[in-house]
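Participant: Dropping a structure here in structure tokens format, bear with me for questions.
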Amino acid sequence: MKNRMLIAAGALALAASSAWAQTEKKPEAAKPAPAAQPGKAAAPTLKVGDKAPAITVDKWVKGESVAGFEKGKAYVVEFWATWCPPCRESIPHLTELQKKHTDVTFIGVASSERQKDPKNDDRLSVLEKFVQAQGDKMKYAVAYDSKRAMTDAWMRPANQNGIPCAFIVDAGGTIAWIGNPLDDEFPAMVAKHSKVKAEPAKGEKDKAVGS
């Protein structure tokens with residue numbers, strides 16, 4: 001009888017201990033950070049409306065040097081390379097816009113040049129020969145950025161991975177447009193920030209005179 005009472009008491013104690021263990025709140029494990037979704041690019045940190053980064057180049061190959069963005073003036077900063085076919089296609093296009101909008105400063109930044117000679121860094125000489133050969137077909141400022149400092153400051157923060165790529169900087173020093181200079185809307189965006197208005201086409205001019 002005494003043994004049965006001892007067994008029963010032990011069973012009750014074990015049950016109580018189990019119930020207490022189940023009701024005790026265990027500390028939660030730290031949750032791992034959510035994994036980045038494959039194929040989804042991070043949000044750009046440089047956007048339209050942001051202040052334009054500084055111009056940091058090694059050498060001005062053509063045109064007057066630009067130390068900074070002057071208040072009251074608009075700029076086009078285009079990233080390009082001599083080996084890039086669409087970039088070469090945009091050269092006469094930019095030249096034509098520079099002629100129309102003389103108050104806007106166009107700058108072609110060669111920030112992605114490739115070394116052709118494995119033993120010597122010939123990127124600058126290749127760029128200079130290319131620009132010289134273009135002559136008046138390339139009638140705007142051209143700068144060389146050997147360390148890709150401007151790519152790091154402009155292109156990557158804006159999530160721009162291809163060239164040519166143009167940034168329009170307005171008279172207040174902020175970015176007004178980002179995109180391919182061969183896009184149809186680019187000339188209109190340049191004109192929007194220019195004080196020099198292009199003359200109307202011949203048909204429109206005649207219509208205006210006859211009205």
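Residues in the structure tokens are numbered from 1 in each chain, the chains being A, B, ... in the order shown, and ligands are numbered from 1 in the order shown.
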When you look at region 131-143 of chain A with a cut-off of 6 Å (counting only C-alpha atoms), what residues show up, excluding the ones that are within fewer than 5 positions of it in the same chain? I need them as a PyMOL selection string.

Facilitator: chain A and resi 59-63+91-92+95+106-109

Participant: Those same residues, written as a JSON list (two decimals), in the first residue's frame with C-alpha atoms?

Facilitator:
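Listing of selection09.json after writing:
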```
[["chain", "number", "residue", "atom", "x", "y", "z"],
["A", 59, "LYS", "CA", 41.77, 64.98, -68.66],
["A", 60, "TRP", "CA", 39.71, 67.12, -70.99],
["A", 61, "VAL", "CA", 40.41, 65.75, -74.45],
["A", 62, "LYS", "CA", 38.30, 68.31, -76.30],
["A", 63, "GLY", "CA", 36.56, 71.57, -75.46],
["A", 91, "ILE", "CA", 27.91, 61.51, -81.75],
["A", 92, "PRO", "CA", 26.40, 63.46, -84.70],
["A", 95, "THR", "CA", 26.65, 67.57, -82.07],
["A", 106, "PHE", "CA", 27.37, 68.89, -73.61],
["A", 107, "ILE", "CA", 30.03, 66.65, -72.07],
["A", 108, "GLY", "CA", 30.97, 63.20, -73.37],
["A", 109, "VAL", "CA", 32.60, 61.25, -70.55]]
```

Participant: One decimal, Å: what's the distance from CA of Gly179 (chain A) over to CA of Gly72 (chain A), could you say?

Facilitator: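 CA of Gly179 (chain A) sits 22.4 Å away from CA of Gly72 (chain A).
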
Participant: For Asn159 (chain A), find every residue with an atom within 6 Å (counting only C-alpha atoms), except residues of its own chain fewer than 2 positions away, and show them as a VMD selection string.

Facilitator: chain A and resid 44 156 to 157

Participant: Could the residues in this selection be written to a file with C-alpha atoms, as a JSON list (two decimals), in the first residue's frame?

Facilitator:
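selection.json, freshly written:
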```
[["chain", "number", "residue", "atom", "x", "y", "z"],
["A", 44, "PRO", "CA", 18.44, 53.41, -57.44],
["A", 156, "ARG", "CA", 25.94, 52.66, -60.76],
["A", 157, "PRO", "CA", 23.87, 54.61, -58.21]]
```

Participant: Using only C-alpha atoms, which of the listed residues (A:Ala81, A:Leu94, A:Ala74, A:Val57) sits closest to Trp177 (chain A)?

Facilitator: A:Ala74

Participant: Within 10 Å of Asp145 (chain A), counting only C-alpha atoms, which residues qualify if same-chain residues fewer than 3 places away don't, as a PyMOL selection string?

Facilitator: chain A and resi 55-60+109-113+124+148-151

Participant: Those selected residues, please, written with C-alpha atoms and delivered as a compact mmCIF listing (two decimals), in the first residue's frame.

Facilitator:
```
# COMPACT_ATOMS: atom_id res chain seq x y z
CA ILE A 55 32.53 65.99 -62.36
CA THR A 56 35.79 64.14 -61.66
CA VAL A 57 37.83 63.34 -64.75
CA ASP A 58 41.53 62.84 -65.55
CA LYS A 59 41.77 64.98 -68.66
CA TRP A 60 39.71 67.12 -70.99
CA VAL A 109 32.60 61.25 -70.55
CA ALA A 110 34.74 58.32 -71.75
CA SER A 111 34.61 56.24 -68.59
CA SER A 112 34.62 52.73 -70.10
CA GLU A 113 37.60 52.65 -72.45
CA LEU A 124 43.95 57.67 -73.53
CA ARG A 148 35.71 55.07 -63.69
CA ALA A 149 35.16 57.49 -60.83
CA MET A 150 32.19 59.04 -62.60
CA THR A 151 30.74 55.65 -63.44
```

Participant: So the first atom is CA of Lys73 (chain A) and the second is CA of Thr174 (chain A); what is the distance between them in Å, to one decimal place?

Facilitator: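 Calculated distance between CA of Lys73 (chain A) and CA of Thr174 (chain A) is 11.0 Å.
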
Participant: May I ask which of the residues A:Asp183, A:Glu70, A:Asp117, A:Glu89 is the closest one to Thr105 (chain A), counting only C-alpha atoms?

Facilitator: A:Glu70
